[in-house]
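Next comes model_21.txt, with compact mmCIF, C-alpha atoms.
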```txt
# COMPACT_ATOMS: atom_id res chain seq x y z
CA MET A 1488 0.00 0.00 0.00
CA SER A 1489 1.00 3.61 -0.53
CA VAL A 1490 -0.38 6.80 1.00
CA GLY A 1491 -0.99 10.00 -0.98
CA VAL A 1492 -2.87 13.30 -0.69
CA VAL A 1493 -5.70 13.75 -3.22
CA ASP A 1494 -7.82 16.92 -3.14
CA GLY A 1495 -6.51 17.75 0.32
CA LYS A 1496 -7.40 14.31 1.72
CA VAL A 1497 -5.05 11.52 2.72
CA LYS A 1498 -5.85 8.37 0.75
CA THR A 1499 -4.29 4.92 0.65
CA VAL A 1500 -3.72 3.22 -2.69
CA LEU A 1501 -4.69 -0.47 -2.51
CA ARG A 1502 -2.71 -3.03 -4.47
CA SER A 1503 -3.94 -6.36 -5.78
CA GLY A 1504 -3.62 -8.97 -3.05
CA GLY A 1505 -3.85 -6.46 -0.18
CA GLU A 1506 -6.00 -6.85 2.94
CA LEU A 1507 -8.35 -4.33 4.50
CA ARG A 1508 -9.44 -4.40 8.14
CA VAL A 1509 -12.01 -1.94 9.51
CA LYS A 1510 -12.34 -2.04 13.31
CA SER A 1511 -15.16 0.50 13.53
CA GLY A 1512 -16.90 3.03 11.34
CA ARG A 1513 -16.86 2.98 7.57
CA ALA A 1514 -14.15 2.91 4.92
CA THR A 1515 -14.75 3.69 1.24
CA ILE A 1516 -12.86 2.37 -1.78
CA ASP A 1517 -12.96 4.48 -4.96
CA LEU A 1518 -12.45 2.26 -7.99
CA VAL A 1519 -10.34 3.43 -10.88
CA GLU A 1520 -13.20 2.68 -13.30
CA GLY A 1521 -15.51 5.08 -11.42
CA GLY A 1522 -17.39 2.74 -9.05
CA LYS A 1523 -17.35 2.78 -5.25
CA ILE A 1524 -17.31 0.22 -2.43
CA ALA A 1525 -18.20 0.99 1.20
CA VAL A 1526 -16.98 -1.34 3.99
CA CYS A 1527 -18.65 -1.07 7.42
CA GLY A 1528 -16.81 -2.44 10.46
CA PRO A 1529 -15.96 -4.54 12.13
CA ALA A 1530 -14.90 -6.07 8.81
CA HIS A 1531 -11.99 -7.91 7.25
CA LEU A 1532 -11.52 -8.66 3.53
CA SER A 1533 -8.89 -9.22 0.84
CA VAL A 1534 -8.74 -7.49 -2.54
CA LEU A 1535 -7.61 -9.23 -5.74
CA LYS A 1536 -7.79 -7.66 -9.20
CA SER A 1537 -6.91 -9.43 -12.43
CA GLY A 1538 -7.65 -7.87 -15.79
CA GLY A 1539 -11.24 -6.65 -15.79
CA GLY A 1540 -12.27 -8.71 -12.73
CA LEU A 1541 -12.29 -7.61 -9.08
CA THR A 1542 -12.58 -10.23 -6.31
CA LEU A 1543 -13.36 -9.46 -2.66
CA ALA A 1544 -12.76 -12.29 -0.19
CA LEU A 1545 -14.99 -11.37 2.77
CA ASP A 1546 -14.22 -12.86 6.19
CA SER A 1547 -16.65 -10.70 8.16
CA GLY A 1548 -18.45 -7.37 7.93
CA THR A 1549 -20.71 -5.59 5.43
CA ILE A 1550 -19.92 -4.51 1.87
CA HIS A 1551 -22.00 -2.03 -0.13
CA SER A 1552 -20.78 -1.90 -3.75
CA TYR A 1553 -21.73 0.26 -6.73
CA VAL A 1554 -20.31 -0.69 -10.14
CA ASP A 1555 -21.38 0.90 -13.43
CA GLN A 1556 -19.95 -1.33 -16.16
CA GLU A 1557 -16.48 -2.36 -15.02
CA PRO A 1558 -14.91 -4.13 -13.25
CA SER A 1559 -16.68 -7.46 -12.96
CA LEU A 1560 -17.19 -7.83 -9.20
CA THR A 1561 -17.30 -11.16 -7.31
CA ILE A 1562 -17.67 -11.47 -3.52
CA TYR A 1563 -16.38 -14.71 -1.97
CA THR A 1564 -17.10 -16.18 1.46
CA ALA A 1565 -16.04 -19.51 2.93
CA LEU A 1566 -18.95 -21.43 1.34
CA LEU A 1567 -20.80 -19.04 -0.96
CA GLN A 1568 -19.97 -16.54 -3.66
CA ALA A 1569 -22.13 -13.63 -4.83
CA LYS A 1570 -21.80 -12.05 -8.28
CA PRO A 1571 -23.80 -8.93 -9.23
CA LEU A 1572 -25.55 -9.06 -12.62
CA ALA A 1573 -26.43 -6.03 -14.73
CA ILE A 1574 -29.96 -5.65 -16.12
CA GLY A 1575 -30.15 -3.83 -19.42
CA GLY A 1576 -26.72 -2.25 -18.96
CA ALA A 1577 -27.81 -0.45 -15.78
CA PRO A 1578 -25.41 0.04 -12.82
CA GLN A 1579 -25.05 -2.76 -10.26
CA GLU A 1580 -25.60 -1.93 -6.60
CA THR A 1581 -25.34 -4.75 -4.07
CA LEU A 1582 -25.15 -5.06 -0.28
CA VAL A 1583 -23.58 -8.22 1.22
CA SER A 1584 -23.26 -8.76 4.97
CA LEU A 1585 -21.58 -11.69 6.76
CA ASP A 1586 -22.05 -11.93 10.53
CA ALA A 1587 -20.03 -13.87 13.09
CA ASN A 1588 -22.52 -16.80 13.12
CA GLY A 1589 -22.07 -17.47 9.39
CA GLY A 1590 -25.31 -15.87 8.27
CA LEU A 1591 -25.04 -14.24 4.83
CA SER A 1592 -27.41 -11.42 3.91
CA VAL A 1593 -27.63 -10.37 0.25
CA ARG A 1594 -29.66 -7.41 -1.01
CA ALA A 1595 -29.91 -6.61 -4.75
CA ILE A 1596 -30.53 -2.86 -4.86
CA GLY A 1597 -29.67 -2.34 -8.53
CA GLY A 1598 -29.56 -5.32 -10.89
CA ALA A 1599 -29.66 -8.96 -9.79
CA VAL A 1600 -27.24 -11.13 -7.78
CA ARG A 1601 -26.26 -14.73 -8.51
CA ILE A 1602 -25.42 -16.75 -5.36
CA GLU A 1603 -23.55 -20.02 -5.89
CA GLN A 1604 -22.61 -22.77 -3.44
CA GLN A 1605 -18.91 -23.51 -3.93
CA LEU A 1606 -19.11 -27.18 -2.88
CA ASN A 1607 -21.96 -28.55 -5.00
CA GLY A 1608 -22.33 -25.80 -7.64
CA GLN A 1609 -25.97 -25.10 -6.76
CA SER A 1610 -26.97 -21.51 -7.50
CA ILE A 1611 -29.90 -19.12 -7.20
CA VAL A 1612 -30.56 -15.63 -8.57
CA VAL A 1613 -31.82 -12.88 -6.31
CA PRO A 1614 -33.91 -10.48 -8.43
CA GLN A 1615 -33.67 -6.72 -8.26
CA SER A 1616 -34.95 -5.25 -4.99
CA GLY A 1617 -34.72 -8.73 -3.44
CA ASP A 1618 -33.34 -9.33 0.09
CA VAL A 1619 -32.46 -12.84 1.33
CA LEU A 1620 -30.74 -14.37 4.36
CA LEU A 1621 -28.77 -17.63 4.12
CA SER A 1622 -27.62 -19.66 7.13
CA ASN A 1623 -24.62 -22.01 7.32
CA GLY A 1624 -23.90 -21.63 3.61
CA GLN A 1625 -27.04 -23.57 2.57
CA LEU A 1626 -29.30 -22.34 -0.23
CA ASN A 1627 -32.20 -24.53 0.86
CA GLY A 1628 -32.82 -22.61 4.08
CA MET A 1629 -33.18 -19.21 2.38
CA LYS A 1630 -35.23 -16.66 4.33
CA PRO A 1631 -36.24 -13.03 3.76
CA GLY A 1632 -33.45 -10.73 4.87
CA GLY A 1633 -35.60 -7.94 6.26
CA GLY A 1634 -32.74 -5.40 6.18
CA HIS A 1635 -30.39 -7.61 8.18
CA GLY A 1636 -27.27 -5.73 7.04
CA SER A 1637 -26.86 -1.99 6.51
CA CYS A 1638 -24.00 0.17 5.28
CA GLU A 1639 -24.32 3.65 3.79
CA LEU A 1640 -22.57 4.04 0.49
CA GLY A 1641 -22.18 7.80 0.71
CA GLU A 1642 -22.06 10.31 -2.09
CA LEU A 1643 -21.05 9.05 -5.48
CA LYS A 1644 -18.53 11.19 -7.33
CA PHE A 1645 -18.10 10.44 -10.99
CA GLN A 1646 -14.93 11.41 -12.74
CA PRO A 1647 -15.59 13.98 -15.48
CA PRO A 1648 -14.42 13.03 -18.96
CA PRO A 1649 -11.02 14.43 -19.90
CA PRO A 1650 -11.18 17.73 -21.81
CA GLN A 1651 -10.70 17.56 -25.55
CA VAL A 1652 -8.03 19.90 -26.85
CA SER A 1653 -8.28 20.73 -30.53
CA VAL A 1654 -5.14 21.21 -32.61
CA PRO A 1655 -4.85 22.91 -36.02
CA ALA A 1656 -4.96 20.60 -39.00
CA THR A 1657 -1.80 19.89 -40.92
CA ALA A 1658 -1.33 20.71 -44.61
CA GLU A 1659 -1.68 17.03 -45.54
CA GLU A 1660 -5.00 16.73 -43.66
CA VAL A 1661 -6.34 19.88 -45.33
CA LYS A 1662 -5.34 18.48 -48.75
CA GLN A 1663 -7.03 15.14 -48.10
CA ARG A 1664 -10.18 16.87 -46.86
CA HIS A 1665 -10.25 19.08 -49.98
CA LEU A 1666 -9.90 16.06 -52.27
CA ALA A 1667 -12.67 14.25 -50.41
CA ASP A 1668 -15.01 17.25 -50.81
CA THR A 1669 -14.30 17.76 -54.53
CA LYS A 1670 -14.60 14.09 -55.45
CA PRO A 1671 -18.10 13.40 -56.81
CA ASN A 1672 -20.15 10.91 -54.94
CA LEU A 1673 -20.89 8.41 -57.71
CA PRO A 1674 -23.34 5.62 -57.07
CA ASN A 1675 -21.94 2.17 -56.75
CA PRO A 1676 -23.00 0.11 -59.79
CA ARG A 1677 -22.88 -3.08 -57.72
CA SER A 1678 -25.10 -1.73 -55.01
CA ASN A 1679 -28.70 -2.78 -55.03
CA SER A 1680 -30.86 0.17 -56.03
CA SER A 1681 -33.93 -1.20 -54.31
CA SER A 1682 -34.00 -3.17 -51.11
CA ASP A 1683 -37.47 -4.55 -51.88
CA ASP A 1684 -36.47 -6.58 -54.95
CA GLY A 1685 -36.28 -9.81 -52.99
CA PRO A 1686 -39.33 -11.85 -52.08
CA ILE A 1687 -41.17 -11.14 -48.83
CA TYR A 1688 -42.46 -14.05 -46.81
CA GLN A 1689 -45.30 -13.76 -44.29
CA VAL A 1690 -46.57 -16.49 -42.01
CA PHE A 1691 -50.12 -16.29 -40.65
CA LEU A 1692 -50.85 -18.41 -37.59
CA PRO A 1693 -54.14 -19.10 -35.87
CA PRO A 1694 -54.77 -17.37 -32.51
CA MET A 1695 -52.73 -18.86 -29.67
CA ARG A 1696 -54.68 -20.43 -26.82
CA PHE A 1697 -53.69 -21.21 -23.25
CA ASP A 1698 -55.59 -23.57 -20.97
CA ALA A 1699 -54.53 -23.50 -17.32
CA ASN A 1700 -56.12 -26.91 -16.70
CA LEU A 1701 -53.82 -28.64 -19.16
CA LYS A 1702 -50.27 -29.52 -18.22
CA VAL A 1703 -49.20 -29.73 -21.86
CA GLN A 1704 -50.66 -27.14 -24.22
CA GLN A 1705 -51.94 -28.29 -27.59
CA PRO A 1706 -49.79 -27.13 -30.51
CA PRO A 1707 -51.47 -25.16 -33.33
CA ASP A 1708 -52.89 -27.06 -36.29
CA PRO A 1709 -50.37 -26.99 -39.19
CA ASN A 1710 -53.24 -27.01 -41.68
CA LEU A 1711 -54.26 -23.53 -40.48
CA ILE A 1712 -50.82 -22.02 -41.05
CA VAL A 1713 -50.66 -19.93 -44.22
CA LEU A 1714 -47.40 -18.95 -45.92
CA VAL A 1715 -47.62 -15.95 -48.26
CA ARG A 1716 -44.80 -15.10 -50.66
CA ARG A 1717 -44.80 -11.68 -52.26
CA VAL A 1718 -42.55 -10.75 -55.15
CA ARG A 1719 -42.33 -7.77 -57.46
CA VAL A 1720 -42.17 -8.48 -61.19
CA ARG A 1721 -39.51 -6.41 -62.86
CA PRO A 1722 -40.78 -4.55 -65.99
CA THR A 1723 -39.18 -5.07 -69.38
CA LEU A 1724 -36.39 -2.59 -70.06
CA ILE A 1725 -37.65 -0.05 -72.65
CA PHE A 1726 -35.38 2.69 -73.97
CA GLU A 1727 -37.17 6.00 -74.45
CA GLY A 1728 -35.58 9.02 -76.14
CA ARG A 1729 -34.95 10.71 -79.49
CA VAL A 1730 -32.09 10.95 -81.94
CA GLU A 1731 -31.09 14.48 -82.89
CA GLY A 1732 -29.49 15.51 -86.24
CA ASP A 1733 -30.00 14.64 -89.91
CA ALA A 1734 -30.51 11.05 -90.86
CA LEU A 1735 -27.64 9.41 -92.72
CA VAL A 1736 -28.53 8.03 -96.21
CA ALA A 1737 -26.54 5.06 -97.40
CA GLU A 1738 -24.73 5.82 -100.72
CA SER A 1739 -25.51 3.36 -103.51
CA ARG A 1740 -22.41 2.28 -105.38
CA PRO A 1741 -22.29 0.22 -108.64
CA ALA A 1742 -20.84 -3.18 -108.55
CA ALA A 1743 -17.13 -3.30 -109.19
CA PRO A 1744 -16.20 -4.56 -112.71
CA VAL A 1745 -14.62 -7.86 -112.99
CA THR A 1746 -10.92 -7.44 -113.74
CA ALA A 1747 -8.63 -9.74 -115.52
CA ALA A 1748 -7.15 -10.81 -112.25
CA SER A 1749 -10.55 -11.86 -111.01
CA LYS A 1750 -11.38 -13.88 -114.16
CA PRO A 1751 -10.65 -17.53 -113.91
CA ASN A 1752 -7.53 -18.61 -115.75
CA PRO A 1753 -8.31 -21.73 -117.67
CA ALA A 1754 -4.67 -22.37 -118.33
CA ALA A 1755 -3.91 -22.18 -114.65
CA GLY A 1756 -6.84 -24.44 -113.95
CA THR A 1757 -5.62 -26.83 -116.54
CA ALA A 1758 -2.15 -26.67 -115.18
CA ALA A 1759 -3.39 -27.19 -111.67
CA GLY A 1760 -5.95 -29.79 -112.61
CA THR A 1761 -4.30 -31.95 -115.26
CA PRO A 1762 -0.70 -32.10 -116.48
CA ALA A 1763 0.06 -30.26 -119.83
CA THR A 1764 0.67 -32.48 -122.91
CA ASN A 1765 3.80 -32.10 -125.15
CA PRO A 1766 3.06 -29.91 -128.28
CA THR A 1767 3.30 -31.57 -131.66
CA VAL A 1768 5.31 -30.32 -134.72
CA ALA A 1769 2.14 -28.88 -136.29
CA ASP A 1770 1.37 -26.92 -133.12
CA ARG A 1771 4.85 -25.44 -133.08
CA VAL A 1772 4.61 -24.35 -136.73
CA ARG A 1773 1.18 -22.78 -136.11
CA THR A 1774 2.49 -20.82 -133.12
CA LEU A 1775 5.50 -19.53 -135.07
CA TRP A 1776 3.24 -18.49 -137.94
CA LYS A 1777 0.99 -16.46 -135.60
CA ARG A 1778 3.94 -14.67 -134.06
CA MET A 1779 5.26 -13.64 -137.47
CA TRP A 1780 2.01 -12.55 -139.19
CA GLY A 1781 -0.22 -11.68 -136.23
CA PRO A 1782 -3.32 -13.34 -134.81
CA LYS A 1783 -5.57 -12.33 -137.78
CA SER A 1784 -3.55 -14.29 -140.26
```

What do you get writing this file as structure tokens?
Amino acid sequence: MSVGVVDGKVKTVLRSGGELRVKSGRATIDLVEGGKIAVCGPAHLSVLKSGGGLTLALDSGTIHSYVDQEPSLTIYTALLQAKPLAIGGAPQETLVSLDANGGLSVRAIGGAVRIEQQLNGQSIVVPQSGDVLLSNGQLNGMKPGGGHGSCELGELKFQPPPPQVSVPATAEEVKQRHLADTKPNLPNPRSNSSSDDGPIYQVFLPPMRFDANLKVQQPPDPNLIVLVRRVRVRPTLIFEGRVEGDALVAESRPAAPVTAASKPNPAAGTAAGTPATNPTVADRVRTLWKRMWGPKS
């Protein structure tokens, strides 16, 4: 432990594994997370904190705890353990008192409290605003507490949030912000334009009935259950608009004349098809005569 002065008051800093003994009066423990624990004497307990869990091993005395969200508080005794439970995220306020005869009084002021027997694992849950008294560490002999234990918690002081100090933006941040503002917000082509395109299913059941005289209620008749499926038919895509400007007329062109290259070459066909025969003496004389006197001779 270490002693320090905070706001003009002398306070002792508790370490994990330390013990606290209150001979008379009341001692308060301010949790780092913002909660508070009041211990009314004569009392003796040990404190153990690991991670987000806080464990109080109570030998005797009364503990009045107030925890908002953290830490997770567990109160141990020789035979029983009590764990506050939050309801809807609300703060947990619990009063646990252990007298010299072994009687354990548990009062759930805010939230519920789960009490578990450490030997057999049996457990019960004390609802909010509930007050019970357990004797000899047995859950079977639970009785109404009737305000058996009392310990004033005192004024709760919540730590204000740290002040936020703004700093001027750097040139790079100003540039990125300017680019983000000038960039057009284009729709995502993959995103679904309508969330109602999918089918919608509805199930209609007959009215539910409850008969207190029956141990087992009759299930509803499946023949009376109606399943309705609703879909939206997508219309055919139709393009609507107009074309501006003069219409383009296709130019009619005459057919291209057949050139000599395009005409079939019978000689080539003959050469490709059948092998050429050897010319005779008469053919050679006729060819020489045509070359000398022309084709009209």

| Near Ser1559 of chain A, counting only C-alpha atoms, which residues have an atom at most 7 Å away, once you skip same-chain residues fewer than 5 positions from it, shown as a ChimeraX atom specification? | /A:1539-1541

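Of the residues listed (A:Gly1538, A:Gly1495, A:Pro1529, A:Gly1548), A:Gly1548 shows the shortest atom-to-atom separation from Asp1586 of chain A; distances use all atoms listed in the file.
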
Open item on the list: Taking only C-alpha atoms into account, name the residue in A:Ala1525, A:Leu1532, A:Val1713, A:Glu1520 that is nearest to Glu1506 of chain A.
Closed with: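 Ranked by minimum distance to Glu1506 of chain A, first place goes to A:Leu1532.
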
Here atom CA of Val1690 of chain A and atom CA of Leu1714 of chain A stand apart by 4.7 Å

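Taking atom CA of Gln1615 of chain A and atom CA of Leu1545 of chain A as endpoints, the distance between them is 22.2 Å.
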
Of A:Pro1694, A:Gly1641, A:Gly1624, A:Gly1505, the one nearest to Leu1591 of chain A when counting all atoms listed in the file is A:Gly1624

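Rounded to one decimal, atom CA of Ser1552 of chain A and atom CA of Lys1510 of chain A lie 19.0 Å from each other.
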
Within 12 Å of Gly1597 of chain A, counting only C-alpha atoms, which residues show up once you throw out same-chain ones fewer than 4 positions away? Write them as an mmCIF file with C-alpha atoms, keeping the file's coordinate frame, please.
```cif
data_model
loop_
_atom_site.group_PDB
_atom_site.id
_atom_site.type_symbol
_atom_site.label_atom_id
_atom_site.label_comp_id
_atom_site.auth_asym_id
_atom_site.auth_seq_id
_atom_site.Cartn_x
_atom_site.Cartn_y
_atom_site.Cartn_z
ATOM 1 C CA HIS A 1551 -22.000 -2.030 -0.130
ATOM 2 C CA SER A 1552 -20.780 -1.900 -3.750
ATOM 3 C CA TYR A 1553 -21.730 0.260 -6.730
ATOM 4 C CA VAL A 1554 -20.310 -0.690 -10.140
ATOM 5 C CA ASP A 1555 -21.380 0.900 -13.430
ATOM 6 C CA PRO A 1571 -23.800 -8.930 -9.230
ATOM 7 C CA LEU A 1572 -25.550 -9.060 -12.620
ATOM 8 C CA ALA A 1573 -26.430 -6.030 -14.730
ATOM 9 C CA ILE A 1574 -29.960 -5.650 -16.120
ATOM 10 C CA GLY A 1575 -30.150 -3.830 -19.420
ATOM 11 C CA GLY A 1576 -26.720 -2.250 -18.960
ATOM 12 C CA ALA A 1577 -27.810 -0.450 -15.780
ATOM 13 C CA PRO A 1578 -25.410 0.040 -12.820
ATOM 14 C CA GLN A 1579 -25.050 -2.760 -10.260
ATOM 15 C CA GLU A 1580 -25.600 -1.930 -6.600
ATOM 16 C CA THR A 1581 -25.340 -4.750 -4.070
ATOM 17 C CA LEU A 1582 -25.150 -5.060 -0.280
ATOM 18 C CA VAL A 1613 -31.820 -12.880 -6.310
ATOM 19 C CA PRO A 1614 -33.910 -10.480 -8.430
ATOM 20 C CA GLN A 1615 -33.670 -6.720 -8.260
ATOM 21 C CA SER A 1616 -34.950 -5.250 -4.990
ATOM 22 C CA GLY A 1617 -34.720 -8.730 -3.440
ATOM 23 C CA ASP A 1618 -33.340 -9.330 0.090
#
```

Practice task
Compile the contact shell of Gly1528 of chain A as number ranges by chain: residues with an atom at most 10 Å away, counting all atoms listed in the file, same-chain residues fewer than 4 positions apart removed.
Solution key: A: 1508-1514, 1547-1550, 1638

Sphere at (-22.6, -15.0, 9.0), radius 12 Å, counting only C-alpha atoms: residues as a PyMOL selection string:
chain A and resi 1530+1545-1549+1564-1567+1583-1593+1620-1625+1635-1636

Next item on the list: Rank nothing, just name the residue among A:Ala1544, A:Arg1729, A:Lys1630, A:Leu1640 nearest to Cys1527 of chain A, using only C-alpha atoms.
Entry: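 For Cys1527 of chain A, the nearest of the given residues is A:Leu1640.
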
Would you mind completing segment 1553-1576 of chain A so that it carries N, CA and C atoms, and writing it out as an mmCIF file, in the frame of the given file?
```
data_model
loop_
_atom_site.group_PDB
_atom_site.id
_atom_site.type_symbol
_atom_site.label_atom_id
_atom_site.label_comp_id
_atom_site.auth_asym_id
_atom_site.auth_seq_id
_atom_site.Cartn_x
_atom_site.Cartn_y
_atom_site.Cartn_z
ATOM 1 N N TYR A 1553 -21.051 -0.397 -5.598
ATOM 2 C CA TYR A 1553 -21.730 0.260 -6.730
ATOM 3 C C TYR A 1553 -20.755 0.229 -7.903
ATOM 4 N N VAL A 1554 -21.140 -0.510 -8.948
ATOM 5 C CA VAL A 1554 -20.310 -0.690 -10.140
ATOM 6 C C VAL A 1554 -21.166 -0.353 -11.351
ATOM 7 N N ASP A 1555 -20.623 0.513 -12.234
ATOM 8 C CA ASP A 1555 -21.380 0.900 -13.430
ATOM 9 C C ASP A 1555 -21.280 -0.183 -14.504
ATOM 10 N N GLN A 1556 -20.156 -0.305 -15.144
ATOM 11 C CA GLN A 1556 -19.950 -1.330 -16.160
ATOM 12 C C GLN A 1556 -18.758 -2.220 -15.823
ATOM 13 N N GLU A 1557 -17.684 -1.647 -15.397
ATOM 14 C CA GLU A 1557 -16.480 -2.360 -15.020
ATOM 15 C C GLU A 1557 -16.042 -1.890 -13.651
ATOM 16 N N PRO A 1558 -15.321 -2.755 -12.923
ATOM 17 C CA PRO A 1558 -14.910 -4.130 -13.250
ATOM 18 C C PRO A 1558 -16.009 -5.131 -12.920
ATOM 19 N N SER A 1559 -15.772 -6.382 -13.295
ATOM 20 C CA SER A 1559 -16.680 -7.460 -12.960
ATOM 21 C C SER A 1559 -16.425 -7.894 -11.519
ATOM 22 N N LEU A 1560 -17.379 -7.631 -10.643
ATOM 23 C CA LEU A 1560 -17.190 -7.830 -9.200
ATOM 24 C C LEU A 1560 -17.701 -9.212 -8.774
ATOM 25 N N THR A 1561 -16.918 -9.877 -7.907
ATOM 26 C CA THR A 1561 -17.300 -11.160 -7.310
ATOM 27 C C THR A 1561 -16.929 -11.123 -5.830
ATOM 28 N N ILE A 1562 -17.882 -11.472 -4.966
ATOM 29 C CA ILE A 1562 -17.670 -11.470 -3.520
ATOM 30 C C ILE A 1562 -17.663 -12.920 -3.038
ATOM 31 N N TYR A 1563 -16.538 -13.333 -2.443
ATOM 32 C CA TYR A 1563 -16.380 -14.710 -1.970
ATOM 33 C C TYR A 1563 -16.499 -14.739 -0.451
ATOM 34 N N THR A 1564 -17.128 -15.822 0.036
ATOM 35 C CA THR A 1564 -17.100 -16.180 1.460
ATOM 36 C C THR A 1564 -16.570 -17.598 1.560
ATOM 37 N N ALA A 1565 -16.595 -18.173 2.751
ATOM 38 C CA ALA A 1565 -16.040 -19.510 2.930
ATOM 39 C C ALA A 1565 -16.809 -20.564 2.135
ATOM 40 N N LEU A 1566 -18.140 -20.415 2.009
ATOM 41 C CA LEU A 1566 -18.950 -21.430 1.340
ATOM 42 C C LEU A 1566 -19.719 -20.892 0.138
ATOM 43 N N LEU A 1567 -19.970 -19.610 0.091
ATOM 44 C CA LEU A 1567 -20.800 -19.040 -0.960
ATOM 45 C C LEU A 1567 -20.031 -17.939 -1.687
ATOM 46 N N GLN A 1568 -20.483 -17.673 -2.900
ATOM 47 C CA GLN A 1568 -19.970 -16.540 -3.660
ATOM 48 C C GLN A 1568 -21.159 -15.792 -4.278
ATOM 49 N N ALA A 1569 -21.074 -14.477 -4.296
ATOM 50 C CA ALA A 1569 -22.130 -13.630 -4.830
ATOM 51 C C ALA A 1569 -21.554 -12.790 -5.967
ATOM 52 N N LYS A 1570 -22.258 -12.779 -7.093
ATOM 53 C CA LYS A 1570 -21.800 -12.050 -8.280
ATOM 54 C C LYS A 1570 -22.936 -11.154 -8.764
ATOM 55 N N PRO A 1571 -22.757 -9.826 -8.711
ATOM 56 C CA PRO A 1571 -23.800 -8.930 -9.230
ATOM 57 C C PRO A 1571 -23.955 -9.088 -10.738
ATOM 58 N N LEU A 1572 -25.215 -8.948 -11.198
ATOM 59 C CA LEU A 1572 -25.550 -9.060 -12.620
ATOM 60 C C LEU A 1572 -26.254 -7.791 -13.067
ATOM 61 N N ALA A 1573 -25.811 -7.242 -14.184
ATOM 62 C CA ALA A 1573 -26.430 -6.030 -14.730
ATOM 63 C C ALA A 1573 -27.711 -6.386 -15.471
ATOM 64 N N ILE A 1574 -28.685 -5.487 -15.420
ATOM 65 C CA ILE A 1574 -29.960 -5.650 -16.120
ATOM 66 C C ILE A 1574 -30.083 -4.509 -17.120
ATOM 67 N N GLY A 1575 -30.011 -4.837 -18.391
ATOM 68 C CA GLY A 1575 -30.150 -3.830 -19.420
ATOM 69 C C GLY A 1575 -29.035 -2.804 -19.417
ATOM 70 N N GLY A 1576 -27.833 -3.178 -18.979
ATOM 71 C CA GLY A 1576 -26.720 -2.250 -18.960
ATOM 72 C C GLY A 1576 -26.767 -1.227 -17.848
#
```
